[in-house]
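start_34.cif, holding mmCIF, C-alpha atoms and all ligand atoms:
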data_model
#
loop_
_atom_site.label_atom_id
_atom_site.label_comp_id
_atom_site.auth_asym_id
_atom_site.auth_seq_id
_atom_site.Cartn_x
_atom_site.Cartn_y
_atom_site.Cartn_z
CA MET A 1 0.00 0.00 0.00
CA GLN A 2 1.47 3.35 -1.09
CA ILE A 3 1.82 6.12 1.48
CA PRO A 4 1.19 9.80 0.57
CA PHE A 5 4.07 11.93 -0.73
CA GLU A 6 5.62 14.03 1.99
CA ASN A 7 5.40 17.21 -0.12
CA PRO A 8 2.70 18.08 -2.64
CA ILE A 9 3.35 16.96 -6.21
CA TYR A 10 1.93 19.60 -8.54
CA ILE A 11 1.06 19.27 -12.19
CA THR A 12 4.06 21.37 -13.05
CA ARG A 13 6.90 23.48 -11.65
CA PRO A 14 8.53 26.23 -13.67
CA LEU A 15 11.93 25.60 -15.19
CA LEU A 16 14.01 28.13 -13.26
CA PRO A 17 17.45 29.12 -14.53
CA ASP A 18 20.48 29.40 -12.29
CA LEU A 19 19.94 32.33 -9.92
CA GLU A 20 23.49 33.57 -10.41
CA ASN A 21 22.95 33.80 -14.16
CA VAL A 22 19.69 35.65 -13.59
CA SER A 23 21.53 38.09 -11.29
CA GLY A 24 24.09 38.66 -14.02
CA LYS A 25 21.31 39.32 -16.49
CA LEU A 26 19.62 41.75 -14.10
CA GLN A 27 22.93 43.55 -13.69
CA ASP A 28 23.17 44.00 -17.47
CA ILE A 29 19.63 45.37 -17.57
CA TRP A 30 20.25 47.69 -14.61
CA GLU A 31 23.40 49.04 -16.21
CA SER A 32 21.59 49.68 -19.48
CA ARG A 33 18.72 51.46 -17.68
CA GLN A 34 16.49 50.26 -20.51
CA VAL A 35 13.96 48.10 -18.66
CA THR A 36 11.17 47.89 -21.24
CA ASN A 37 10.07 49.21 -24.68
CA ASN A 38 12.07 47.27 -27.21
CA GLY A 39 15.42 46.99 -25.44
CA LYS A 40 18.42 44.78 -26.13
CA GLN A 41 17.16 41.71 -24.23
CA LEU A 42 13.90 41.72 -26.17
CA GLN A 43 15.66 42.05 -29.50
CA THR A 44 18.07 39.24 -28.67
CA LEU A 45 15.30 36.94 -27.45
CA SER A 46 13.28 37.67 -30.55
CA GLN A 47 16.19 36.66 -32.75
CA ARG A 48 16.97 33.51 -30.74
CA LEU A 49 13.36 32.39 -30.83
CA GLU A 50 13.13 32.92 -34.58
CA GLU A 51 16.10 30.58 -34.86
CA TYR A 52 14.82 28.06 -32.33
CA LEU A 53 11.31 27.93 -33.75
CA ASP A 54 12.65 28.08 -37.29
CA VAL A 55 10.35 30.93 -38.33
CA GLN A 56 10.89 34.19 -40.17
CA HIS A 57 8.56 36.63 -38.45
CA LEU A 58 8.07 36.70 -34.70
CA SER A 59 6.71 39.33 -32.34
CA LEU A 60 6.98 39.16 -28.54
CA PHE A 61 4.14 40.07 -26.14
CA ASN A 62 3.63 40.30 -22.40
CA ASN A 63 1.42 37.20 -22.42
CA GLY A 64 -0.09 34.72 -24.85
CA THR A 65 -3.64 35.98 -24.42
CA LEU A 66 -2.86 39.51 -25.54
CA ALA A 67 -0.71 38.14 -28.35
CA LEU A 68 -3.69 36.20 -29.68
CA LEU A 69 -6.14 39.03 -29.07
CA LEU A 70 -4.01 41.52 -30.99
CA GLY A 71 -3.08 38.99 -33.65
CA LEU A 72 -6.77 38.52 -34.47
CA LYS A 73 -7.16 42.30 -34.51
CA ALA A 74 -4.21 42.68 -36.89
CA LEU A 75 -5.84 40.23 -39.31
CA ASP A 76 -8.89 42.50 -39.31
CA LEU A 77 -11.35 39.63 -39.00
CA LYS A 78 -15.11 40.06 -38.84
CA GLY A 79 -18.11 37.83 -38.20
CA GLU A 80 -17.71 34.17 -37.25
CA VAL A 81 -14.64 32.13 -36.44
CA ILE A 82 -14.75 28.34 -36.25
CA THR A 83 -12.97 27.09 -33.16
CA THR A 84 -12.80 24.33 -30.58
CA PRO A 85 -14.72 24.17 -27.31
CA PHE A 86 -11.93 22.09 -25.73
CA THR A 87 -9.37 24.74 -24.85
CA PHE A 88 -8.30 27.21 -22.17
CA PRO A 89 -10.70 30.18 -21.82
CA ALA A 90 -8.10 32.56 -23.31
CA THR A 91 -8.60 31.15 -26.82
CA VAL A 92 -12.25 32.11 -27.06
CA GLN A 93 -11.92 35.22 -24.92
CA ALA A 94 -9.51 36.59 -27.54
CA LEU A 95 -12.40 36.21 -30.02
CA ASP A 96 -14.87 37.90 -27.66
CA TRP A 97 -12.63 40.94 -27.24
CA ASN A 98 -12.53 41.29 -31.02
CA GLN A 99 -16.33 41.11 -31.30
CA LEU A 100 -15.94 37.85 -33.22
CA THR A 101 -18.53 35.10 -32.76
CA PRO A 102 -17.12 31.66 -32.01
CA VAL A 103 -18.67 28.76 -33.87
CA PHE A 104 -17.84 25.65 -31.89
CA CYS A 105 -16.76 22.58 -33.81
CA ASP A 106 -16.58 19.13 -32.22
CA ILE A 107 -13.20 17.51 -31.56
CA ASP A 108 -11.32 14.47 -32.78
CA PRO A 109 -11.56 11.76 -30.08
CA LYS A 110 -7.95 10.66 -30.66
CA THR A 111 -6.06 13.96 -30.51
CA LEU A 112 -8.73 16.10 -28.77
CA ASN A 113 -8.00 18.77 -31.39
CA ILE A 114 -10.67 20.37 -33.58
CA ASP A 115 -12.12 17.71 -35.89
CA ALA A 116 -10.93 18.91 -39.30
CA ASP A 117 -13.64 16.84 -41.04
CA LYS A 118 -16.40 18.74 -39.28
CA ILE A 119 -15.24 22.29 -40.05
CA GLU A 120 -16.69 22.59 -43.54
CA GLY A 121 -20.23 21.87 -42.34
CA LEU A 122 -20.08 24.92 -40.05
CA ILE A 123 -18.98 27.46 -42.65
CA THR A 124 -21.49 30.22 -43.44
CA GLU A 125 -21.25 33.43 -45.44
CA ASN A 126 -20.14 35.13 -42.20
CA THR A 127 -17.17 32.86 -41.55
CA THR A 128 -13.80 34.57 -41.87
CA ALA A 129 -11.36 32.29 -40.08
CA ILE A 130 -10.54 29.03 -38.33
CA LEU A 131 -8.91 29.28 -34.91
CA ALA A 132 -7.52 25.86 -34.01
CA VAL A 133 -5.56 24.80 -30.93
CA HIS A 134 -2.70 22.28 -30.84
CA VAL A 135 -4.13 20.83 -27.65
CA PHE A 136 -1.50 19.57 -25.17
CA GLY A 137 1.07 20.17 -27.90
CA ASN A 138 -0.29 17.51 -30.26
CA PRO A 139 -0.50 19.05 -33.73
CA CYS A 140 -3.84 19.57 -35.47
CA ASP A 141 -4.54 18.13 -38.88
CA THR A 142 -2.96 21.20 -40.48
CA GLU A 143 -3.20 19.83 -44.01
CA LYS A 144 -6.94 19.27 -43.95
CA ILE A 145 -7.58 22.56 -42.13
CA GLN A 146 -5.59 24.48 -44.75
CA LYS A 147 -7.42 22.73 -47.59
CA THR A 148 -10.80 23.77 -46.18
CA ALA A 149 -9.56 27.31 -45.51
CA ASP A 150 -8.24 27.66 -49.06
CA LYS A 151 -11.50 26.41 -50.55
CA TYR A 152 -13.47 29.15 -48.75
CA GLY A 153 -10.82 31.89 -48.51
CA LEU A 154 -10.54 31.74 -44.71
CA LYS A 155 -7.63 32.75 -42.49
CA VAL A 156 -6.10 30.08 -40.27
CA ILE A 157 -4.81 30.94 -36.80
CA TYR A 158 -3.24 28.41 -34.46
CA ASP A 159 -3.15 28.64 -30.70
CA ALA A 160 0.12 26.83 -30.00
CA ALA A 161 0.24 27.80 -26.31
CA HIS A 162 1.28 24.19 -25.56
CA ALA A 163 3.31 23.43 -28.65
CA PHE A 164 6.63 25.23 -28.24
CA GLY A 165 9.23 23.51 -30.40
CA ALA A 166 6.89 20.81 -31.75
CA LYS A 167 7.35 19.70 -35.34
CA ILE A 168 5.15 17.87 -37.82
CA GLU A 169 7.20 15.58 -40.04
CA GLY A 170 10.16 17.90 -39.54
CA LYS A 171 8.25 21.10 -40.23
CA PRO A 172 8.17 23.63 -37.38
CA ILE A 173 4.75 24.00 -35.78
CA GLY A 174 4.81 27.77 -36.34
CA SER A 175 5.03 27.37 -40.09
CA PHE A 176 1.37 26.45 -40.59
CA GLY A 177 -1.55 28.79 -41.21
CA ASP A 178 -1.45 32.58 -41.29
CA MET A 179 -0.50 33.07 -37.67
CA THR A 180 0.49 31.06 -34.60
CA MET A 181 0.46 32.10 -30.96
CA PHE A 182 2.83 30.71 -28.31
CA SER A 183 2.41 31.19 -24.57
CA PHE A 184 5.48 31.72 -22.42
CA HIS A 185 3.68 31.49 -19.08
CA ALA A 186 5.67 30.04 -16.16
CA THR A 187 3.80 26.74 -16.51
CA LYS A 188 5.10 26.26 -20.05
CA LEU A 189 8.20 24.34 -21.06
CA PHE A 190 9.82 27.54 -22.32
CA HIS A 191 8.74 30.63 -20.40
CA THR A 192 9.47 34.27 -19.62
CA ILE A 193 7.45 34.06 -16.35
CA GLU A 194 4.56 35.70 -18.24
CA GLY A 195 4.88 36.18 -21.95
CA GLY A 196 3.91 35.11 -25.41
CA ALA A 197 4.66 35.45 -29.09
CA LEU A 198 3.04 35.53 -32.47
CA VAL A 199 4.64 34.13 -35.56
CA PHE A 200 3.10 35.05 -38.88
CA ARG A 201 3.41 34.36 -42.57
CA ASP A 202 2.95 37.90 -43.90
CA GLY A 203 5.96 39.97 -42.78
CA ALA A 204 3.99 43.19 -43.34
CA LEU A 205 1.92 42.34 -40.26
CA GLY A 206 4.98 42.93 -38.07
CA ARG A 207 4.66 46.70 -38.29
CA LYS A 208 0.96 46.57 -37.43
CA LEU A 209 1.61 44.31 -34.45
CA ASP A 210 4.33 46.67 -33.20
CA LEU A 211 1.76 49.48 -33.26
CA LEU A 212 -1.03 47.41 -31.71
CA LYS A 213 1.07 46.39 -28.71
CA ASN A 214 2.30 49.95 -28.14
CA PHE A 215 -0.92 52.04 -27.98
CA GLY A 216 -0.93 52.55 -31.76
CA ILE A 217 1.86 55.12 -31.37
CA LEU A 218 3.65 55.66 -34.67
CA ASN A 219 5.93 58.44 -33.45
CA PRO A 220 5.86 61.04 -30.65
CA GLU A 221 3.32 63.06 -32.61
CA GLU A 222 1.10 60.45 -34.26
CA VAL A 223 -1.25 57.75 -32.90
CA VAL A 224 -2.56 55.84 -35.89
CA LEU A 225 -4.71 53.06 -34.48
CA SER A 226 -6.40 51.92 -31.29
CA GLY A 227 -3.92 49.62 -29.61
CA LEU A 228 -3.08 48.38 -26.15
CA ASN A 229 -0.04 47.99 -23.97
CA ALA A 230 1.07 44.41 -24.58
CA LYS A 231 4.85 44.76 -24.62
CA MET A 232 7.24 42.24 -23.12
CA ASN A 233 9.68 43.96 -20.76
CA GLU A 234 13.44 43.51 -20.49
CA ILE A 235 13.35 41.39 -17.34
CA GLN A 236 10.91 38.94 -18.93
CA ALA A 237 13.06 38.77 -22.06
CA GLY A 238 16.31 38.43 -20.09
CA ILE A 239 14.91 35.57 -18.02
CA GLY A 240 13.62 33.98 -21.22
CA LEU A 241 17.15 33.99 -22.62
CA GLU A 242 18.37 32.14 -19.52
CA VAL A 243 15.46 29.66 -19.58
CA LEU A 244 16.14 28.92 -23.24
CA LYS A 245 19.58 27.57 -22.30
CA GLY A 246 17.97 24.82 -20.22
CA ILE A 247 15.32 23.72 -22.70
CA GLU A 248 17.09 20.76 -24.32
CA GLU A 249 17.98 19.28 -20.92
CA GLU A 250 14.40 19.75 -19.78
CA ARG A 251 13.11 18.01 -22.90
CA LYS A 252 15.37 15.01 -22.23
CA LYS A 253 14.14 14.70 -18.66
CA ARG A 254 10.53 14.96 -19.78
CA HIS A 255 11.13 12.33 -22.43
CA LEU A 256 12.28 9.86 -19.76
CA LEU A 257 9.32 10.71 -17.53
CA LYS A 258 6.96 10.20 -20.47
CA LYS A 259 8.44 6.76 -21.18
CA MET A 260 8.16 5.84 -17.51
CA TYR A 261 4.50 6.88 -17.30
CA GLU A 262 3.74 5.02 -20.53
CA GLN A 263 5.47 1.86 -19.37
CA HIS A 264 3.57 1.74 -16.09
CA LEU A 265 0.14 3.02 -17.13
CA ARG A 266 -0.19 1.25 -20.46
CA HIS A 267 -1.58 -1.97 -19.04
CA ILE A 268 -4.11 -0.49 -16.64
CA PRO A 269 -7.60 -1.05 -18.11
CA GLY A 270 -9.55 2.12 -18.83
CA ILE A 271 -6.56 4.43 -19.16
CA ARG A 272 -5.73 5.89 -22.55
CA ILE A 273 -2.59 7.94 -22.94
CA ILE A 274 -3.25 11.01 -25.05
CA THR A 275 0.34 12.19 -25.22
CA ASN A 276 1.26 9.22 -27.27
CA LEU A 277 1.41 10.45 -30.83
CA GLU A 278 4.74 9.84 -32.49
CA TYR A 279 6.06 13.02 -34.06
CA GLU A 280 9.56 13.95 -34.94
CA GLN A 281 9.55 16.34 -32.02
CA SER A 282 7.00 16.60 -29.26
CA SER A 283 6.60 19.77 -27.22
CA TYR A 284 6.71 17.68 -24.02
CA GLN A 285 4.32 20.17 -22.48
CA TYR A 286 1.79 17.95 -20.69
CA PHE A 287 1.28 14.28 -19.88
CA VAL A 288 -2.41 13.61 -20.30
CA ILE A 289 -4.62 10.57 -19.91
CA GLU A 290 -8.27 9.77 -20.48
CA ILE A 291 -10.13 7.60 -17.99
CA ASP A 292 -12.91 5.31 -19.13
CA GLU A 293 -15.00 5.08 -15.99
CA TYR A 294 -16.43 1.63 -16.77
CA GLN A 295 -13.15 -0.05 -17.66
CA PHE A 296 -11.10 1.66 -14.95
CA GLY A 297 -13.78 1.14 -12.33
CA HIS A 298 -13.92 4.76 -11.16
CA SER A 299 -14.62 8.16 -12.67
CA ARG A 300 -11.98 10.76 -13.50
CA ASP A 301 -13.31 13.05 -10.75
CA TRP A 302 -13.14 10.28 -8.15
CA LEU A 303 -9.59 9.46 -9.21
CA GLN A 304 -8.52 13.09 -8.97
CA LYS A 305 -9.84 13.33 -5.40
CA GLU A 306 -8.20 10.03 -4.38
CA LEU A 307 -4.86 11.20 -5.78
CA GLU A 308 -5.10 14.31 -3.63
CA LYS A 309 -5.16 12.05 -0.55
CA PHE A 310 -1.69 10.95 -1.69
CA ASN A 311 -0.63 14.60 -2.09
CA VAL A 312 -0.73 14.37 -5.90
CA TYR A 313 -2.39 17.35 -7.61
CA THR A 314 -3.62 16.74 -11.15
CA ARG A 315 -5.65 19.11 -13.34
CA LYS A 316 -8.82 18.70 -15.38
CA TYR A 317 -7.52 20.70 -18.33
CA PHE A 318 -9.88 21.81 -19.95
CA TYR A 319 -12.96 21.69 -17.80
CA PRO A 320 -15.57 23.05 -18.36
CA LEU A 321 -15.84 23.27 -22.15
CA CYS A 322 -15.69 26.87 -23.37
CA SER A 323 -19.04 26.28 -25.12
CA GLU A 324 -20.58 25.93 -21.64
CA PHE A 325 -19.77 29.51 -20.66
CA ASP A 326 -22.97 31.40 -19.80
CA TRP A 327 -22.41 34.07 -22.41
CA TYR A 328 -22.55 31.51 -25.23
CA ALA A 329 -25.88 30.01 -24.08
CA ASN A 330 -27.68 31.37 -27.17
CA LEU A 331 -25.23 29.92 -29.69
CA GLU A 332 -26.53 26.96 -31.66
CA SER A 333 -23.00 25.55 -32.01
CA ALA A 334 -22.52 25.62 -28.22
CA LYS A 335 -25.26 23.07 -27.56
CA ALA A 336 -23.96 19.84 -26.06
CA GLU A 337 -25.84 17.73 -28.64
CA ASN A 338 -23.73 19.38 -31.36
CA LEU A 339 -20.51 18.56 -29.51
CA PRO A 340 -20.88 14.88 -28.54
CA VAL A 341 -17.17 14.00 -28.53
CA ALA A 342 -16.07 17.09 -26.60
CA SER A 343 -18.92 16.60 -24.12
CA THR A 344 -17.69 13.07 -23.36
CA CYS A 345 -13.94 13.77 -23.32
CA VAL A 346 -14.27 16.75 -21.00
CA ARG A 347 -15.39 14.33 -18.26
CA GLN A 348 -12.51 11.91 -18.86
CA VAL A 349 -9.32 13.89 -19.36
CA LEU A 350 -6.72 14.34 -16.62
CA SER A 351 -3.30 16.03 -16.80
CA LEU A 352 -0.72 14.34 -14.58
CA PRO A 353 2.33 15.87 -12.84
CA TYR A 354 4.96 16.45 -15.51
CA TYR A 355 8.11 18.56 -15.29
CA GLY A 356 11.83 17.94 -15.45
CA GLY A 357 12.33 18.24 -11.69
CA LEU A 358 9.94 15.36 -11.03
CA GLU A 359 11.82 12.24 -9.90
CA LEU A 360 11.43 9.08 -11.97
CA GLN A 361 10.74 7.31 -8.66
CA SER A 362 7.84 9.68 -8.04
CA VAL A 363 6.33 8.79 -11.41
CA ILE A 364 6.63 5.09 -10.58
CA LYS A 365 4.94 5.71 -7.26
CA ILE A 366 2.10 7.70 -8.89
CA CYS A 367 1.58 4.81 -11.33
CA LYS A 368 1.51 2.31 -8.46
CA ILE A 369 -1.19 4.40 -6.79
CA PHE A 370 -3.16 4.17 -10.04
CA GLN A 371 -2.70 0.39 -10.08
CA GLU A 372 -3.87 0.07 -6.49
CA LEU A 373 -6.92 2.25 -7.09
CA HIS A 374 -7.84 0.18 -10.12
CA ALA A 375 -7.27 -3.10 -8.24
CA ASP A 376 -9.56 -1.86 -5.45
CA SER A 377 -12.28 -1.27 -7.99
CA GLU A 378 -11.87 -4.84 -9.28
CA LYS A 379 -12.22 -6.19 -5.75
CA ILE A 380 -15.42 -4.18 -5.29
CA THR A 381 -16.80 -5.59 -8.59
CA GLN A 382 -16.06 -9.17 -7.48
CA LEU A 383 -17.87 -8.77 -4.14
N1 LIG A 401 -4.34 29.18 -25.01
C1 LIG A 401 -4.18 28.02 -24.36
C2 LIG A 401 -4.54 26.75 -25.04
C3 LIG A 401 -3.65 28.01 -23.06
O1 LIG A 401 -3.50 26.85 -22.40
C4 LIG A 401 -3.28 29.24 -22.46
C5 LIG A 401 -2.73 29.26 -21.13
C6 LIG A 401 -3.46 30.42 -23.20
C7 LIG A 401 -4.00 30.35 -24.48
C8 LIG A 401 -3.10 31.77 -22.65
O2 LIG A 401 -1.71 31.98 -22.53
P1 LIG A 401 -1.17 33.00 -21.38
O3 LIG A 401 -1.94 34.27 -21.53
O4 LIG A 401 -1.35 32.34 -20.03
O5 LIG A 401 0.28 33.17 -21.75
C9 LIG A 401 -2.21 27.85 -16.28
C10 LIG A 401 -1.52 29.02 -16.93
O6 LIG A 401 -1.68 30.22 -16.20
C11 LIG A 401 -1.94 29.27 -18.34
O7 LIG A 401 -0.89 29.99 -18.96
C12 LIG A 401 -2.12 27.98 -19.13
N2 LIG A 401 -2.63 28.18 -20.44
C13 LIG A 401 -3.04 27.04 -18.37
C14 LIG A 401 -3.26 25.73 -19.09
O8 LIG A 401 -2.46 26.77 -17.11
P2 LIG A 401 -3.75 27.64 -14.20
O9 LIG A 401 -4.80 28.55 -13.68
O10 LIG A 401 -4.07 26.21 -14.31
O11 LIG A 401 -2.35 27.83 -13.42
P3 LIG A 401 -1.99 27.61 -11.90
O12 LIG A 401 -1.55 28.92 -11.34
O13 LIG A 401 -3.09 26.92 -11.20
O14 LIG A 401 -0.70 26.69 -12.00
C15 LIG A 401 -0.75 25.28 -12.17
C16 LIG A 401 0.27 24.64 -11.25
O15 LIG A 401 1.58 25.02 -11.64
C17 LIG A 401 0.15 25.01 -9.79
O16 LIG A 401 -0.71 24.13 -9.13
C18 LIG A 401 1.58 24.93 -9.27
C19 LIG A 401 2.42 25.19 -10.50
N3 LIG A 401 3.00 26.54 -10.52
C20 LIG A 401 2.33 27.57 -11.13
C21 LIG A 401 2.88 28.83 -11.17
C22 LIG A 401 2.14 29.96 -11.84
C23 LIG A 401 4.22 26.75 -9.92
O17 LIG A 401 4.82 25.81 -9.36
N4 LIG A 401 4.76 28.00 -9.96
C24 LIG A 401 4.14 29.06 -10.55
O18 LIG A 401 4.68 30.18 -10.57
O19 LIG A 401 -3.37 28.25 -15.63
#

What's the C-alpha cells form of this structure?
Ligand code: T4K
Amino acid sequence: MQIPFENPIYITRPLLPDLENVSGKLQDIWESRQVTNNGKQLQTLSQRLEEYLDVQHLSLFNNGTLALLLGLKALDLKGEVITTPFTFPATVQALDWNQLTPVFCDIDPKTLNIDADKIEGLITENTTAILAVHVFGNPCDTEKIQKTADKYGLKVIYDAAHAFGAKIEGKPIGSFGDMTMFSFHATKLFHTIEGGALVFRDGALGRKLDLLKNFGILNPEEVVLSGLNAKMNEIQAGIGLEVLKGIEEERKKRHLLKKMYEQHLRHIPGIRIITNLEYEQSSYQYFVIEIDEYQFGHSRDWLQKELEKFNVYTRKYFYPLCSEFDWYANLESAKAENLPVASTCVRQVLSLPYYGGLELQSVIKICKIFQELHADSEKITQL
C-alpha cells in the first residue's frame, strides 16, 4: 500500500534558470537602464526564438492571451470564427474581445483537437477564419484545415500555447496557417514568467503588431490606431534567454518521464494515454490521460480526489468546455448535442504531474497508486 508523498506533487513546476545567471542578467539590464520598450534583451530573445522555432517573423508580447487578441485584430477579422470548445478560456476570450462570434466545432476523439472533417459543415457566409488549438502540444490536422480554408478563402490561426518547439514531419509548428500564438507562461516548457509570441506568414503584419502592442503610437506626434499595452519587458526577455539555455535538458528529462509513465500506465484497463502520438519532435508540455470510468472502475473526478489524498495534484484541463460559458448560451453551435465527442472527453481527461524536476521514482509511485486504485475497484466488482 502506497503512502502519501511528503510534499505536494503539482502538475508542473517552472523551469528556473540558475539564480546567479539571472543576477548577471539583471545587472546588465540595470546598467543599461532600458527596462522595457524594445530593449536589447527583447531584441536578442526575438532573434533567438526565430532561430529556435525556425520561423521568419516573430513578435513578442507580455502574455499569450494579448498576443492572440491583438493577432486577431491585426488580421482584421469580422463575423464568425470556427474554433474548438476544448481549450483554455483565453482562446475564445480573444475572439470575444474582437467582437468575433465563435462557432464551436466538435473535436477528434484521438487527438482532442478540432475535428478537421467537421469544419466545412459549419462554414457560413459570415465565416472569416478558423482558430484551431494544438491541444496539449499535439498538432492539429494542419493539411486538412488548410485545404478547407483555401477552398473558402478563410484565415487560419493556431493557438500553439502548448506546442513550443513541436514539429510535424520535420516542419516547425509555427510554419502552418497565417498566424500562430505561443504562450510563455511560467507553466510552459519555455517561459518568460509571463509572456507570449506571435509568428506570422505575412511579414507586413509585423509593423501593425508593433503598433497594436504599443498604444498605436507611430511616433511622438502620431497615434494611428487603437492599440493596447502588450509589450514584453526587459526582465521577462532576459529571463527567457536564460530559460532557453535549459530547454534541451528539460526536454530530455521529460522524455524519460513520459516513457516511464507510458510503461507503467499502459496496461491499466480504462486508461488511454493522449500524449502518445509519435512526431519527430513533441513539445513535451503535458502528460495527459483519459479515464474510461467503466473499464477503470472509477470516474476521472473520483480518481482526482483520491490522488489528492496521496498529495498528488492533477488538473482537469480543460474543464468546463468553453461552449458551456454562460455568455454563449444562445449559440446553436454551443449546444452539447452538437458537440458529442467534446462533451464526453471533457469528463474523462486528466493532466498528470509532468516537469523535469519530477523524480522518476515519483512517477513510478504515482503509477503504483493508479494500479492500487484500479485493483480496489476490481475487488469491489467481485464482491
Ligand atoms: N491558449 C491556451 C490553449 C492556453 O493553455 C493558455 C494558457 C493560453 C492560451 C493563454 O496563454 P497566457 O496568456 O497564459 O500566456 C495555467 C496558466 O496560467 C496558463 O498559462 C495555461 N494556459 C493554463 C493551461 O495553465 P492555471 O490557472 O491552471 O495555473 P496555476 O496557477 O493553477 O498553476 C498550475 C500549477 O503550476 C500550480 O498548481 C503549481 C504550478 N506553478 C504555477 C505557477 C504559476 C508553480 O509551481 N509555480 C508558478 O509560478 O493556468

- [ ] Dump the neighbourhood of ligand LIG 401 (chain A) as number ranges by chain: all residues within 7 Å, distances computed on all atoms listed in the file.
- [x] A: 10-14, 63-66, 87-88, 90-91, 133, 135, 159-162, 183-187, 194-196, 317

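Among A:Lys25, A:His191, A:Lys155, A:Lys167, the residue with the shortest atom-to-atom distance to Cys140 in chain A, counting all atoms listed in the file, is A:Lys167.
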
- [ ] May I ask for the distance between CA of Ser377 in chain A and CA of Leu303 in chain A, given in Å to one decimal place?
- [x] 11.1 Å

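CA of Asn7 in chain A lies 25.9 Å from CA of Ile273 in chain A.
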
TODO: Would you kindly return, as JSON, numbers by chain, each protein, DNA or RNA residue with an atom no farther than 10 Å from any atom of range 218-221 of chain A, considering all atoms listed in the file and excluding same-chain residues fewer than 6 positions away?
DONE: {"A": [207, 208, 210, 211, 212]}

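Put simply, CA of Lys213 in chain A is 5.3 Å away from CA of Leu228 in chain A.
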
Open item on the list: Within 12 Å of (-6.9, 6.8, -16.5) in the file's own coordinates, which protein, DNA or RNA residues have an atom, counting all atoms listed in the file? List them as a VMD selection string.
Closed with: chain A and resid 261 to 262 264 to 274 287 to 304 307 314 347 to 352 366 to 367 369 to 371 373 to 374

Range 169-254 of chain A residues near range 49-54 of chain A within 10 Å, closest pair each, using all atoms listed in the file, as CSV:
residue,atom,partner,partner_atom,distance
A:Lys171,CA,A:Asp54,CA,8.8
A:Pro172,CA,A:Asp54,CA,6.3
A:Ile173,CA,A:Leu53,CA,7.9
A:Gly174,CA,A:Leu53,CA,7.0
A:Ser175,CA,A:Asp54,CA,8.1
A:Ala197,CA,A:Leu49,CA,9.4
A:Val199,CA,A:Glu50,CA,8.6
A:Gly240,CA,A:Leu49,CA,9.7
A:Leu241,CA,A:Leu49,CA,9.2
A:Leu244,CA,A:Leu49,CA,8.8

Taking 6 positions as the minimum chain separation for residues in the same chain, which residues sit within 8 Å of range 71-81 of chain A when counting all atoms listed in the file? Answer as a PDB file with C-alpha atoms, in the coordinates of the input.
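Result written to part.pdb:
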ATOM      1  CA  ALA A  94      -9.510  36.590 -27.540  1.00  0.00           C
ATOM      2  CA  LEU A  95     -12.400  36.210 -30.020  1.00  0.00           C
ATOM      3  CA  ASN A  98     -12.530  41.290 -31.020  1.00  0.00           C
ATOM      4  CA  GLN A  99     -16.330  41.110 -31.300  1.00  0.00           C
ATOM      5  CA  LEU A 100     -15.940  37.850 -33.220  1.00  0.00           C
ATOM      6  CA  THR A 101     -18.530  35.100 -32.760  1.00  0.00           C
ATOM      7  CA  PRO A 102     -17.120  31.660 -32.010  1.00  0.00           C
ATOM      8  CA  VAL A 103     -18.670  28.760 -33.870  1.00  0.00           C
ATOM      9  CA  ASN A 126     -20.140  35.130 -42.200  1.00  0.00           C
ATOM     10  CA  THR A 127     -17.170  32.860 -41.550  1.00  0.00           C
ATOM     11  CA  THR A 128     -13.800  34.570 -41.870  1.00  0.00           C
ATOM     12  CA  ALA A 129     -11.360  32.290 -40.080  1.00  0.00           C
ATOM     13  CA  ILE A 130     -10.540  29.030 -38.330  1.00  0.00           C
ATOM     14  CA  LEU A 131      -8.910  29.280 -34.910  1.00  0.00           C
ATOM     15  CA  MET A 179      -0.500  33.070 -37.670  1.00  0.00           C
ATOM     16  CA  LEU A 198       3.040  35.530 -32.470  1.00  0.00           C
ATOM     17  CA  LEU A 205       1.920  42.340 -40.260  1.00  0.00           C
ATOM     18  CA  LYS A 208       0.960  46.570 -37.430  1.00  0.00           C
ATOM     19  CA  LEU A 209       1.610  44.310 -34.450  1.00  0.00           C
ATOM     20  CA  LEU A 212      -1.030  47.410 -31.710  1.00  0.00           C
TER      21      LEU A 212
END

Task: Within 9 Å of Lys144 in chain A using all atoms listed in the file, minus same-chain residues under 3 positions, as number ranges by chain - done: A: 116-117, 141, 147-149

Open item on the list: Counting all atoms listed in the file, which residue out of A:Glu308, A:Asp150, A:Asp178, A:Glu169 sits closest to Ile9 in chain A?
Closed with: A:Glu308

Open item on the list: Given all atoms listed in the file as the basis, pick out the residue of A:Lys335, A:Asn37, A:Val341, A:Phe5 nearest to Ile114 in chain A.
Closed with: A:Val341

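If all atoms listed in the file are the atoms counted, then among A:Glu248, A:Asp108, A:Glu337, A:Asp115 the closest residue to Leu15 in chain A is A:Glu248.
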
Near-Ala132 in chain A list (8 Å; only C-alpha atoms; drop same-chain fewer than 5 positions) as a PDB file with C-alpha atoms, in the coordinates of the input:
ATOM      1  CA  ILE A  82     -14.750  28.340 -36.250  1.00  0.00           C
ATOM      2  CA  THR A  83     -12.970  27.090 -33.160  1.00  0.00           C
ATOM      3  CA  THR A  84     -12.800  24.330 -30.580  1.00  0.00           C
ATOM      4  CA  ASN A 113      -8.000  18.770 -31.390  1.00  0.00           C
ATOM      5  CA  ILE A 114     -10.670  20.370 -33.580  1.00  0.00           C
ATOM      6  CA  CYS A 140      -3.840  19.570 -35.470  1.00  0.00           C
ATOM      7  CA  VAL A 156      -6.100  30.080 -40.270  1.00  0.00           C
ATOM      8  CA  ILE A 157      -4.810  30.940 -36.800  1.00  0.00           C
ATOM      9  CA  TYR A 158      -3.240  28.410 -34.460  1.00  0.00           C
ATOM     10  CA  ASP A 159      -3.150  28.640 -30.700  1.00  0.00           C
TER      11      ASP A 159
END

Open item on the list: From the options A:Leu19, A:Ala163, A:Gly227, A:Leu122, which residue's atoms come nearest to Leu69 in chain A, counting all atoms listed in the file?
Closed with: A:Gly227

Task: Shell around Val346 in chain A at 7 Å using all atoms listed in the file, local window under 3 positions removed, as number ranges by chain - done: A: 318-321, 342-343, 349

TODO: Counting only C-alpha atoms, figure out which residue out of A:Asp96, A:Asp28, A:Glu20, A:Glu306 gets nearest to Phe325 in chain A.
DONE: A:Asp96
